[in-house]
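Asker: One file: run_21.csv (CSV, C-alpha atoms).
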```csv
chain,number,residue,atom,x,y,z
A,63,MET,CA,66.9,84.1,55.8
A,64,THR,CA,64.7,80.9,56.0
A,65,ASP,CA,61.6,83.0,55.9
A,66,VAL,CA,62.6,84.5,52.6
A,67,VAL,CA,63.4,81.1,51.1
A,68,GLU,CA,60.1,79.7,52.4
A,69,LEU,CA,58.3,82.7,50.9
A,70,GLU,CA,60.0,82.2,47.5
A,71,TRP,CA,59.2,78.5,47.7
A,72,ALA,CA,55.6,79.1,48.4
A,73,ARG,CA,55.4,81.7,45.6
A,74,ALA,CA,57.0,79.3,43.1
A,75,ARG,CA,54.6,76.6,44.2
A,76,ASP,CA,51.6,78.8,43.8
A,77,GLN,CA,52.7,79.9,40.3
A,78,THR,CA,53.3,76.3,39.3
A,79,LEU,CA,49.9,75.3,40.6
A,80,LEU,CA,48.3,78.2,38.7
A,81,LEU,CA,50.1,77.2,35.5
A,82,TYR,CA,49.0,73.6,35.8
A,83,PHE,CA,45.4,74.7,36.6
A,84,ALA,CA,45.3,77.1,33.6
A,85,THR,CA,46.7,74.5,31.3
A,86,VAL,CA,44.2,71.9,32.4
A,87,ILE,CA,41.3,74.3,32.0
A,88,LEU,CA,42.5,75.3,28.5
A,89,LEU,CA,42.9,71.6,27.5
A,90,LEU,CA,39.4,70.7,28.8
A,91,ILE,CA,38.0,73.7,26.8
A,92,GLY,CA,39.9,72.5,23.7
A,93,ILE,CA,38.6,68.9,24.2
A,94,VAL,CA,35.0,70.1,24.5
A,95,ALA,CA,35.4,72.3,21.4
A,96,MET,CA,37.0,69.5,19.3
A,97,THR,CA,34.3,67.1,20.4
A,98,ALA,CA,31.6,69.5,19.4
A,99,TYR,CA,33.3,70.2,16.1
A,100,ALA,CA,33.6,66.5,15.4
A,101,ILE,CA,29.9,65.9,16.2
A,102,THR,CA,28.7,68.8,14.0
A,103,LEU,CA,30.5,67.5,11.0
A,104,GLY,CA,27.7,65.1,10.2
A,105,PRO,CA,28.2,62.0,8.0
A,106,ILE,CA,31.9,61.4,7.1
A,107,VAL,CA,31.5,60.9,3.4
A,108,GLY,CA,33.5,63.7,1.7
A,109,PRO,CA,37.2,63.9,1.5
A,110,GLY,CA,37.3,67.3,3.2
A,111,ILE,CA,35.1,66.0,6.0
A,112,GLU,CA,37.1,62.9,6.5
A,113,SER,CA,40.3,64.9,6.9
A,114,SER,CA,38.7,67.4,9.2
A,115,PHE,CA,37.3,64.6,11.4
A,116,GLY,CA,40.8,63.0,11.4
A,117,TYR,CA,42.4,66.2,12.5
A,118,ALA,CA,39.8,66.8,15.2
A,119,VAL,CA,40.3,63.3,16.6
A,120,SER,CA,44.1,63.6,16.4
A,121,LEU,CA,43.9,66.8,18.4
A,122,LEU,CA,41.6,65.2,20.9
A,123,PHE,CA,44.1,62.4,21.5
A,124,LEU,CA,47.0,64.8,21.6
A,125,MET,CA,45.2,67.0,24.2
A,126,GLY,CA,44.1,64.0,26.2
A,127,ALA,CA,47.7,62.7,26.3
A,128,LEU,CA,49.0,66.2,27.3
A,129,LEU,CA,46.3,66.4,30.0
A,130,ALA,CA,47.3,63.0,31.4
A,131,HIS,CA,51.0,64.0,31.3
A,132,ILE,CA,50.4,67.3,33.2
A,133,ILE,CA,48.3,65.5,35.8
A,134,ASP,CA,50.9,62.8,36.2
A,135,ARG,CA,53.7,65.3,36.3
A,136,ALA,CA,51.9,67.4,38.9
A,137,TYR,CA,51.3,64.3,41.0
A,138,ARG,CA,54.9,63.1,40.8
A,139,VAL,CA,56.9,66.4,41.1
A,140,TYR,CA,54.7,69.1,42.6
A,141,PRO,CA,55.5,69.7,46.3
A,142,LEU,CA,52.0,68.9,47.4
A,143,GLY,CA,52.0,65.6,45.5
A,144,ARG,CA,53.7,62.3,46.3
A,145,LYS,CA,56.3,62.4,49.1
A,146,VAL,CA,57.8,59.0,48.5
A,147,PRO,CA,60.0,58.7,45.4
A,148,THR,CA,59.0,56.2,42.7
A,149,SER,CA,60.9,52.9,42.6
A,150,PRO,CA,63.3,52.4,39.7
A,151,PRO,CA,61.9,50.2,36.8
A,152,GLY,CA,62.6,46.5,37.0
A,153,PRO,CA,64.7,44.6,34.6
A,154,VAL,CA,63.4,43.6,31.1
A,155,THR,CA,62.2,40.0,31.3
A,156,ASP,CA,60.6,37.5,29.0
A,157,GLN,CA,57.4,37.8,31.0
A,158,GLY,CA,57.4,41.6,30.5
A,159,ILE,CA,58.0,41.3,26.8
A,160,ALA,CA,55.2,38.8,26.5
A,161,THR,CA,52.9,41.1,28.4
A,162,PHE,CA,53.8,44.0,26.1
A,163,ILE,CA,53.1,41.9,23.0
A,164,LYS,CA,49.8,40.8,24.4
A,165,VAL,CA,48.8,44.5,25.0
A,166,VAL,CA,49.9,45.5,21.5
A,167,VAL,CA,47.9,42.6,19.9
A,168,LEU,CA,44.9,43.5,22.1
A,169,VAL,CA,45.1,47.2,21.1
A,170,GLY,CA,45.5,46.3,17.4
A,171,ALA,CA,42.6,43.9,17.5
A,172,GLY,CA,40.5,46.6,19.2
A,173,ALA,CA,41.5,49.2,16.6
A,174,GLY,CA,40.6,46.7,13.8
A,175,ILE,CA,37.2,45.9,15.3
A,176,ALA,CA,36.5,49.6,15.7
A,177,TYR,CA,37.5,50.3,12.1
A,178,ILE,CA,35.3,47.5,10.8
A,179,LEU,CA,32.3,48.6,13.0
A,180,GLY,CA,32.9,52.2,11.9
A,181,SER,CA,32.8,51.3,8.2
A,182,LEU,CA,29.7,49.2,8.7
A,183,ILE,CA,27.9,52.0,10.6
A,184,ALA,CA,28.9,54.8,8.2
```
Just dump the structure as structure tokens.
Answerer:
Amino acid sequence: MTDVVELEWARARDQTLLLYFATVILLLIGIVAMTAYAITLGPIVGPGIESSFGYAVSLLFLMGALLAHIIDRAYRVYPLGRKVPTSPPGPVTDQGIATFIKVVVLVGAGAGIAYILGSLIA
């Protein structure tokens, strides 16, 4: 009986690995395609080109986030991944809130600088 269970477990594990691998490959192909599309648009001066570029960049970020999620999920849950469970999150403290606010301000400042540089370059 245990041989059948182990065989089923191995088959499910192999199917999961194949699904993760296929998804990662498709996402990488999509990221390359969207990058090539965004590069071939040329100068971003027309309203149609601006929206096309925005859609392409949005899809790039979405695919990148999905790729990071799949890799993280495979690492955390997949039977060949981590064997030690993750620790529960700590309590919310003033130091944690301050760190979060610092990160938000830093990301906002970086986005503002990138917007200004992008408008100066274009």
Asker: Can you tell me how far CA of Pro150 (chain A) sits from CA of Asp134 (chain A), in Å to one decimal?
Answerer: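 These atoms are spaced 16.6 Å apart.
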Asker: Rank nothing, just name the residue among A:Ala176, A:Ile159, A:Ile132, A:Val165 nearest to Leu79 (chain A), using only C-alpha atoms.
Answerer: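 Of A:Ala176, A:Ile159, A:Ile132, A:Val165, the one nearest Leu79 (chain A) is A:Ile132, counting only C-alpha atoms.
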Asker: In the coordinate frame of the file, compute which residues have an atom within 9 Å of (42.4, 69.4, 28.4) when using only C-alpha atoms, and state them as a ChimeraX atom specification.
Answerer: /A:85-94,122,125-130
Asker: Mind pulling up the distance from CA of Ala171 (chain A) to CA of Gly110 (chain A)?
Answerer: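 Interatomic distance here is 27.9 Å.
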Asker: Quick one, how far is CA of Gly108 (chain A) from CA of Met96 (chain A)?
Answerer: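 Atom-to-atom, CA of Gly108 (chain A) and CA of Met96 (chain A) are spaced 18.9 Å apart.
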Asker: Please determine, counting all atoms listed in the file, which residue among A:Ala136, A:Pro109, A:Gly116, A:Pro151 has the shortest atom-to-atom distance to Arg75 (chain A).
Answerer: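 Looking only at the distances to Arg75 (chain A), the closest residue turns out to be A:Ala136.
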Asker: Given the point (32.5, 54.8, 6.9) in the file's coordinates, find the residues that have an atom at most 8 Å from it, counting all atoms listed in the file, and give them as a JSON list (two decimals) with C-alpha atoms, in the frame of the given file.
Answerer:
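Writing the result to out.json gives the following:
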```json
[["chain", "number", "residue", "atom", "x", "y", "z"],
["A", 106, "ILE", "CA", 31.90, 61.40, 7.10],
["A", 107, "VAL", "CA", 31.50, 60.90, 3.40],
["A", 180, "GLY", "CA", 32.90, 52.20, 11.90],
["A", 181, "SER", "CA", 32.80, 51.30, 8.20],
["A", 182, "LEU", "CA", 29.70, 49.20, 8.70],
["A", 183, "ILE", "CA", 27.90, 52.00, 10.60],
["A", 184, "ALA", "CA", 28.90, 54.80, 8.20]]
```
Asker: Let me know the centre plus edge lengths, in Å and rounded to one decimal, of a box with edges along x, y and z that contains all listed atoms of region 80-89 of chain A and is padded by 8 Å on every side, as JSON.
Answerer:
```
{"center_x": 45.7, "center_y": 74.9, "center_z": 33.1, "size_x": 24.8, "size_y": 22.6, "size_z": 27.2}
```
